[in-house]
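Text of the file work.txt, holding compact mmCIF, C-alpha atoms:
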# COMPACT_ATOMS: atom_id res chain seq x y z
CA MET E 1 0.00 0.00 0.00
CA ARG E 2 1.33 3.42 -0.94
CA GLN E 3 1.92 5.50 2.20
CA ARG E 4 0.43 8.98 2.43
CA MET E 5 2.46 11.69 4.12
CA TYR E 6 0.99 14.09 6.66
CA TRP E 7 0.96 17.90 6.49
CA LEU E 8 4.21 18.81 8.24
CA GLY E 9 6.83 20.56 6.11
CA TRP E 10 9.68 18.79 4.31
CA LEU E 11 8.46 15.27 4.97
CA GLY E 12 7.13 13.99 1.65
CA VAL E 13 9.27 13.72 -1.46
CA GLY E 14 6.61 12.36 -3.85
CA ALA E 15 6.43 12.74 -7.63
CA LEU E 16 6.86 16.50 -7.56
CA GLY E 17 9.77 16.45 -5.11
CA ILE E 18 10.03 18.67 -2.05
CA ALA E 19 7.40 21.41 -1.77
CA PHE E 20 8.63 24.73 -0.45
CA LEU E 21 7.55 28.27 0.40
CA ALA E 22 9.33 31.07 -1.48
CA GLY E 23 10.62 34.20 0.24
CA CYS E 24 12.74 37.22 -0.56
CA SER E 25 15.53 39.56 0.37
CA GLY E 26 15.39 43.32 0.22
CA ALA E 27 18.96 43.53 -1.02
CA VAL E 28 18.06 44.18 -4.63
CA ALA E 29 16.09 46.83 -6.51
CA SER E 30 12.43 47.44 -5.53
CA LYS E 31 13.02 46.19 -2.00
CA GLN E 32 10.73 48.89 -0.63
CA ASN E 33 7.77 47.33 -2.40
CA ALA E 34 8.48 43.72 -1.46
CA PRO E 35 8.43 42.08 1.97
CA THR E 36 11.76 40.76 3.19
CA ALA E 37 12.33 37.05 3.73
CA GLY E 38 12.82 37.78 7.41
CA ALA E 39 9.41 39.42 7.60
CA ALA E 40 7.77 36.60 5.67
CA VAL E 41 9.27 33.92 7.89
CA ALA E 42 8.57 35.86 11.08
CA ALA E 43 4.95 36.35 10.07
CA SER E 44 4.50 32.63 9.53
CA ALA E 45 5.82 31.96 13.02
CA LYS E 46 3.10 34.00 14.76
CA LEU E 47 1.03 31.01 15.85
CA ALA E 48 -1.21 30.88 18.87
CA VAL E 49 0.53 29.07 21.71
CA PRO E 50 -1.74 27.68 24.43
CA ALA E 51 -0.82 27.97 28.07
CA ALA E 52 1.57 25.18 28.99
CA ALA E 53 0.18 22.32 31.04
CA PRO E 54 2.21 19.74 32.96
CA PRO E 55 3.72 17.24 30.51
CA SER E 56 1.62 14.16 29.89
CA ALA E 57 2.92 10.61 30.20
CA THR E 58 3.62 10.49 26.46
CA GLU E 59 5.35 13.89 26.47
CA GLN E 60 7.57 12.70 29.30
CA ALA E 61 8.41 9.54 27.37
CA ILE E 62 9.32 11.59 24.28
CA ALA E 63 11.50 13.92 26.36
CA LYS E 64 13.23 10.99 28.06
CA ALA E 65 13.92 9.39 24.68
CA ALA E 66 15.37 12.64 23.31
CA LYS E 67 17.66 12.98 26.32
CA ALA E 68 18.94 9.48 25.64
CA GLY E 69 19.50 10.26 21.96
CA LYS E 70 16.61 8.05 20.86
CA TYR E 71 13.78 8.52 18.39
CA ALA E 72 10.13 8.49 19.41
CA PHE E 73 7.51 6.72 17.30
CA VAL E 74 4.09 8.01 18.32
CA LEU E 75 0.85 6.44 17.12
CA PHE E 76 -2.39 8.41 17.43
CA TYR E 77 -5.42 6.16 17.00
CA ARG E 78 -9.02 5.51 17.94
CA PRO E 79 -9.35 2.43 20.18
CA ASP E 80 -12.61 1.48 18.42
CA ASP E 81 -11.00 1.61 14.96
CA PRO E 82 -9.75 -1.71 13.53
CA ALA E 83 -7.04 0.13 11.52
CA GLY E 84 -5.81 1.76 14.72
CA ARG E 85 -5.65 -1.53 16.55
CA LYS E 86 -3.78 -3.06 13.61
CA MET E 87 -1.20 -0.27 13.69
CA LYS E 88 -0.79 -0.72 17.43
CA ALA E 89 -0.07 -4.40 16.81
CA THR E 90 2.53 -3.41 14.19
CA PHE E 91 4.20 -1.22 16.80
CA GLY E 92 4.31 -4.19 19.13
CA ARG E 93 6.09 -6.34 16.54
CA VAL E 94 8.68 -3.70 15.62
CA GLU E 95 9.49 -2.35 19.08
CA PRO E 96 11.67 -5.20 20.41
CA SER E 97 14.18 -4.94 17.55
CA LEU E 98 14.37 -1.13 17.68
CA ARG E 99 14.26 -0.63 21.43
CA ALA E 100 17.90 0.48 21.55
CA ARG E 101 17.20 3.29 19.08
CA ALA E 102 13.65 4.38 19.79
CA VAL E 103 10.67 4.38 22.10
CA PHE E 104 7.16 3.53 20.90
CA CYS E 105 4.06 5.27 22.26
CA SER E 106 0.40 4.68 21.42
CA VAL E 107 -2.02 7.51 22.16
CA ASP E 108 -5.81 7.61 22.14
CA ALA E 109 -6.38 10.51 19.73
CA PHE E 110 -9.25 11.76 21.90
CA SER E 111 -7.65 11.35 25.33
CA PRO E 112 -8.06 14.48 27.51
CA ASP E 113 -4.85 13.49 29.30
CA GLU E 114 -2.94 13.98 26.03
CA ALA E 115 -4.83 17.08 24.86
CA GLN E 116 -1.73 19.27 24.74
CA LEU E 117 0.20 16.79 22.59
CA ILE E 118 -2.80 16.21 20.34
CA GLN E 119 -3.25 19.94 19.81
CA ARG E 120 0.46 20.58 19.19
CA TYR E 121 0.52 18.19 16.24
CA ARG E 122 -2.99 19.03 14.99
CA VAL E 123 -4.02 15.41 15.24
CA SER E 124 -7.71 16.30 14.96
CA GLN E 125 -7.05 17.49 11.39
CA ALA E 126 -5.39 14.28 10.23
CA PRO E 127 -6.84 10.95 9.10
CA LEU E 128 -6.35 8.28 11.73
CA PRO E 129 -4.38 6.30 12.60
CA LEU E 130 -1.50 8.75 12.40
CA THR E 131 2.13 7.80 13.06
CA LEU E 132 4.69 10.52 13.82
CA VAL E 133 8.42 9.82 13.92
CA MET E 134 10.38 12.28 16.06
CA ALA E 135 14.15 12.65 16.04
CA PRO E 136 16.02 13.35 19.31
CA ASN E 137 16.25 17.06 18.41
CA GLY E 138 12.45 17.34 18.24
CA ALA E 139 12.08 17.32 14.44
CA VAL E 140 9.20 15.32 13.03
CA VAL E 141 11.07 13.35 10.37
CA GLY E 142 8.23 11.06 9.36
CA ALA E 143 4.45 11.39 9.39
CA PHE E 144 2.20 8.69 8.00
CA THR E 145 -1.56 8.31 7.89
CA LYS E 146 -3.44 5.03 7.75
CA ALA E 147 -1.46 1.77 7.74
CA VAL E 148 2.34 1.76 7.99
CA ASP E 149 4.25 -1.47 7.50
CA GLU E 150 7.26 -2.64 9.47
CA LYS E 151 9.68 -1.89 6.64
CA THR E 152 8.58 1.75 6.55
CA LEU E 153 9.01 2.16 10.29
CA ARG E 154 12.50 0.63 10.21
CA ALA E 155 13.49 3.01 7.38
CA ALA E 156 12.21 6.15 9.12
CA PHE E 157 15.52 7.12 10.74
CA VAL E 158 17.41 10.00 9.10
CA SER E 159 20.92 11.42 9.32
CA ALA E 160 21.64 13.97 12.04
CA LYS E 161 22.08 16.78 9.49
CA THR E 162 18.75 15.97 7.88
CA ALA E 163 17.09 16.10 11.29
CA ASP E 164 18.78 19.45 12.00
CA THR E 165 17.56 20.86 8.69
CA MET E 166 14.01 19.64 9.21
CA LYS E 167 13.91 21.02 12.75
CA SER E 168 14.98 24.47 11.55
CA LEU E 169 12.34 24.47 8.81
CA GLN E 170 9.66 23.31 11.24
CA ASP E 171 10.74 26.16 13.53
CA ARG E 172 9.99 28.52 10.59
CA LYS E 173 13.64 29.32 9.89
CA LEU E 174 15.27 29.95 6.54
CA VAL E 175 18.07 27.43 6.05
CA ALA E 176 21.29 27.89 4.13
CA LEU E 177 22.55 24.35 3.74
CA CYS E 178 26.26 24.29 2.90
CA LEU E 179 27.23 20.91 1.45
CA GLN E 180 30.99 20.51 1.59
CA GLY E 181 33.61 18.05 2.72
CA PRO E 182 37.34 17.33 2.46
CA ARG E 183 37.05 16.54 -1.26
CA THR E 184 34.87 19.43 -2.44
CA LYS E 185 36.31 22.51 -4.15
CA HIS E 186 35.75 26.20 -3.29
CA ASN E 187 34.93 25.42 0.34
CA ALA E 188 36.23 28.70 1.76
CA GLU E 189 34.44 30.95 -0.75
CA SER E 190 31.18 29.03 -0.49
CA ARG E 191 31.25 28.96 3.29
CA GLN E 192 31.96 32.70 3.51
CA ALA E 193 29.06 33.50 1.19
CA ALA E 194 26.71 31.31 3.25
CA GLU E 195 27.81 32.92 6.53
CA GLN E 196 27.34 36.43 5.17
CA PHE E 197 23.98 35.47 3.67
CA VAL E 198 22.41 34.19 6.89
CA ALA E 199 23.79 37.21 8.80
CA ASP E 200 22.32 39.74 6.36
CA SER E 201 19.99 42.19 8.12
CA THR E 202 17.29 41.84 5.46
CA LEU E 203 16.64 38.29 6.69
CA GLY E 204 15.63 39.60 10.09
CA GLY E 205 17.61 37.07 12.12
CA GLN E 206 15.39 34.27 10.80
CA ALA E 207 18.13 32.36 8.95
CA VAL E 208 20.41 29.55 10.08
CA LEU E 209 23.47 27.95 8.51
CA ILE E 210 23.85 24.18 8.50
CA THR E 211 27.03 22.60 7.14
CA ALA E 212 27.02 18.95 6.12
CA ASP E 213 29.49 16.59 4.47
CA PRO E 214 27.49 15.32 1.48
CA ARG E 215 29.12 11.89 1.68
CA GLN E 216 27.81 11.41 5.21
CA ALA E 217 24.22 12.47 4.50
CA PRO E 218 22.97 10.82 1.29
CA ASP E 219 19.37 11.14 2.50
CA LEU E 220 19.83 14.90 2.72
CA LEU E 221 21.10 15.04 -0.85
CA LYS E 222 18.07 13.08 -2.04
CA ARG E 223 15.67 15.47 -0.32
CA CYS E 224 17.43 18.37 -2.05
CA GLY E 225 17.19 16.74 -5.45
CA ILE E 226 20.93 16.08 -5.72
CA ALA E 227 21.68 12.75 -7.34
CA SER E 228 25.24 12.24 -6.08
CA ALA E 229 27.80 13.86 -3.80
CA PRO E 230 28.87 17.15 -5.44
CA THR E 231 32.49 17.79 -6.33
CA GLU E 232 32.13 21.49 -5.51
CA SER E 233 30.85 23.05 -2.32
CA THR E 234 27.12 23.59 -2.86
CA ILE E 235 24.72 25.93 -1.07
CA VAL E 236 21.04 24.99 -0.96
CA VAL E 237 18.66 27.69 0.30
CA LEU E 238 15.42 26.45 1.84
CA LEU E 239 12.40 28.29 3.22
CA PRO E 240 9.72 26.82 5.49
CA PRO E 241 7.96 24.53 5.24
CA GLY E 242 10.59 23.33 2.77
CA GLN E 243 10.72 25.48 -0.36
CA LEU E 244 13.91 24.95 -2.36
CA VAL E 245 14.81 28.52 -3.35
CA ALA E 246 18.33 28.16 -4.72
CA LYS E 247 21.03 25.61 -5.39
CA VAL E 248 24.46 27.14 -6.09
CA ALA E 249 27.60 25.09 -6.73
CA GLY E 250 31.13 26.45 -6.45
CA ALA E 251 32.30 29.91 -5.50
CA THR E 252 29.46 32.39 -4.98
CA THR E 253 28.62 35.57 -3.09
CA LYS E 254 26.08 36.81 -0.58
CA GLN E 255 24.64 39.12 -3.21
CA ASP E 256 24.03 36.25 -5.60
CA LEU E 257 22.19 34.26 -2.95
CA LEU E 258 20.08 37.26 -1.97
CA ALA E 259 19.19 37.89 -5.60
CA LYS E 260 18.03 34.29 -6.05
CA LEU E 261 15.91 34.61 -2.93
CA GLN E 262 14.34 37.82 -4.26
CA ALA E 263 13.62 36.15 -7.59
CA ALA E 264 11.90 33.25 -5.86
CA LEU E 265 9.57 35.59 -4.01
CA ALA E 266 8.85 37.56 -7.17
CA SER E 267 7.77 34.38 -8.93
CA CYS E 268 5.46 33.61 -6.03
CA GLY E 269 3.88 37.08 -6.07
CA SER E 270 1.80 38.12 -3.07
CA GLY E 271 0.32 34.71 -2.45
CA CYS E 272 3.04 33.28 -0.20
CA GLY E 273 1.98 31.84 3.11
CA PRO E 274 3.10 29.30 5.70
CA SER E 275 1.68 26.43 3.63
CA GLY E 276 3.28 27.49 0.36
CA CYS E 277 2.52 29.73 -2.60
CA GLY E 278 -1.14 30.58 -3.04
CA ASN E 279 -1.96 29.78 0.61
Can I see the file as structure tokens?
Amino acid sequence: MRQRMYWLGWLGVGALGIAFLAGCSGAVASKQNAPTAGAAVAASAKLAVPAAAPPSATEQAIAKAAKAGKYAFVLFYRPDDPAGRKMKATFGRVEPSLRARAVFCSVDAFSPDEAQLIQRYRVSQAPLPLTLVMAPNGAVVGAFTKAVDEKTLRAAFVSAKTADTMKSLQDRKLVALCLQGPRTKHNAESRQAAEQFVADSTLGGQAVLITADPRQAPDLLKRCGIASAPTESTIVVLLPPGQLVAKVAGATTKQDLLAKLQAALASCGSGCGPSGCGN
């Protein structure tokens, strides 16, 4: 059965690849008439945050797993739903072999004791059963509705750099992903451009730089649409929830990156929102 991915950003790769939200920089002409990328990202982050309640049993289990460097697989289901009970049984079969790497939690999707967790991940808006896979850093790196087989669960782990990138995007941050290693060319020039780019004032402090050795994160390359490890240092610019704005190989400059960001916003027009262009 083909698995369907949930709504969280940068999870599904699908036939159309990664879906992303475009933004801009005010570093080029007409900046007075266009919102900056920093403003666009900051606006998308203004979400209502309910008053914090004491952590539930599941929240405590997730936190304990993260502290131990483990993943958390969380199943939201209806106890009266045969599909939910089937998924819970699947969890039971997989857990023993993955216990050293992850904890498994099953949650009644209507439990008042887990209301805060259910609201945080908008479970009421998703088809059930829903399985979320959480990395130790808090990123949701997998989200599946309906049935999920054992093979899919075992393959849900990602590299640390992929988890870092996904966490930043889910925190509504612009990401400058600098792919370079000992064998790539133009490392110094590329790195300097990326550092200056994320520090630019037009981005409003909403940008982060993540550096990854492409040979150690093949899953990250795949998500960025890169078929093999590049021979030149490559900068990939991403906007939440996962819009691929630019991909620049070799020596580049801050100005070039800002211009590509501006062009991406211009192509999106005024219809950019947290869920992508036209939303």
Show me, as a tab-separated table, the residues of stretch 63-161 of chain E having an atom within 10 Å of stretch 218-236 of chain E, each with the closest atom pair and its distance in Å, using all atoms listed in the file.
residue	atom	partner	partner_atom	distance
E:Phe157	CA	E:Asp219	CA	9.9
E:Val158	CA	E:Asp219	CA	7.0
E:Ser159	CA	E:Asp219	CA	7.0
E:Ala160	CA	E:Leu220	CA	9.5
E:Lys161	CA	E:Leu220	CA	7.4
Original post:
With only C-alpha atoms as the basis for distance, which of E:Gln116, E:Gln243, E:Thr162, E:Ser124 is at the shortest distance from E:Gly142?
Top reply: E:Thr162
**OP:** Please identify all polymer residues within 10 Å of E:Pro127, counting all atoms listed in the file, omitting same-chain residues fewer than 5 positions from it, and present them as a count of residues only.
**Re:** 6
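If you measure from each of E:Gly250, E:Arg154, E:Val175, E:Leu130 to E:Ser97 using all atoms listed in the file, the closest one turns out to be E:Arg154.
Closest approach to E:Ser190 among E:Leu239, E:Ala249, E:Ala83, E:Met166: E:Ala249, based on only C-alpha atoms.
Nearest residue to E:Ala72, choosing from E:Val141, E:Pro96, E:Met87, E:Gln125 and counting all atoms listed in the file: E:Val141.
Relative to atom CA of E:Pro55, atom CA of E:Ala100 is found at 23.7 Å.
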Subject >> E:Val94 environment, 12 Å, all atoms listed in the file, sequence neighbours closer than 4 positions dropped, as a PyMOL selection string >> reply: chain E and resi 73+87-90+98-104+148-155
**OP:** Name all residues at most 12 Å from E:Thr58 (count only C-alpha atoms; drop same-chain ones fewer than 4 positions away) and give them as a ChimeraX atom specification.
**Re:** /E:54,62-65,72-76,103-108,111,113-118
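Pairwise distance (atom CA of E:Leu238, atom CA of E:Lys185) equals 22.1 Å.
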Your completed stretch 247-259 of chain E with N, CA and C atoms, as an mmCIF file, in the coordinates of the input:
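Saved result, result.cif, follows:
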data_model
loop_
_atom_site.group_PDB
_atom_site.id
_atom_site.type_symbol
_atom_site.label_atom_id
_atom_site.label_comp_id
_atom_site.auth_asym_id
_atom_site.auth_seq_id
_atom_site.Cartn_x
_atom_site.Cartn_y
_atom_site.Cartn_z
ATOM 1 N N LYS E 247 20.021 26.666 -5.490
ATOM 2 C CA LYS E 247 21.030 25.610 -5.390
ATOM 3 C C LYS E 247 22.242 26.113 -6.167
ATOM 4 N N VAL E 248 23.310 26.483 -5.461
ATOM 5 C CA VAL E 248 24.460 27.140 -6.090
ATOM 6 C C VAL E 248 25.727 26.343 -5.819
ATOM 7 N N ALA E 249 26.368 25.862 -6.858
ATOM 8 C CA ALA E 249 27.600 25.090 -6.730
ATOM 9 C C ALA E 249 28.811 25.974 -6.986
ATOM 10 N N GLY E 250 29.880 25.729 -6.246
ATOM 11 C CA GLY E 250 31.130 26.450 -6.450
ATOM 12 C C GLY E 250 31.159 27.789 -5.744
ATOM 13 N N ALA E 251 32.140 28.602 -6.115
ATOM 14 C CA ALA E 251 32.300 29.910 -5.500
ATOM 15 C C ALA E 251 31.101 30.791 -5.812
ATOM 16 N N THR E 252 30.603 31.498 -4.800
ATOM 17 C CA THR E 252 29.460 32.390 -4.980
ATOM 18 C C THR E 252 29.598 33.557 -4.013
ATOM 19 N N THR E 253 28.590 34.409 -3.967
ATOM 20 C CA THR E 253 28.620 35.570 -3.090
ATOM 21 C C THR E 253 27.290 35.718 -2.372
ATOM 22 N N LYS E 254 27.311 36.496 -1.308
ATOM 23 C CA LYS E 254 26.080 36.810 -0.580
ATOM 24 C C LYS E 254 25.073 37.471 -1.512
ATOM 25 N N GLN E 255 25.542 38.385 -2.329
ATOM 26 C CA GLN E 255 24.640 39.120 -3.210
ATOM 27 C C GLN E 255 23.927 38.189 -4.188
ATOM 28 N N ASP E 256 24.645 37.189 -4.674
ATOM 29 C CA ASP E 256 24.030 36.250 -5.600
ATOM 30 C C ASP E 256 22.936 35.447 -4.905
ATOM 31 N N LEU E 257 23.192 35.022 -3.694
ATOM 32 C CA LEU E 257 22.190 34.260 -2.950
ATOM 33 C C LEU E 257 20.967 35.116 -2.640
ATOM 34 N N LEU E 258 21.194 36.360 -2.250
ATOM 35 C CA LEU E 258 20.080 37.260 -1.970
ATOM 36 C C LEU E 258 19.247 37.519 -3.220
ATOM 37 N N ALA E 259 19.910 37.654 -4.350
ATOM 38 C CA ALA E 259 19.190 37.890 -5.600
ATOM 39 C C ALA E 259 18.313 36.697 -5.967
#
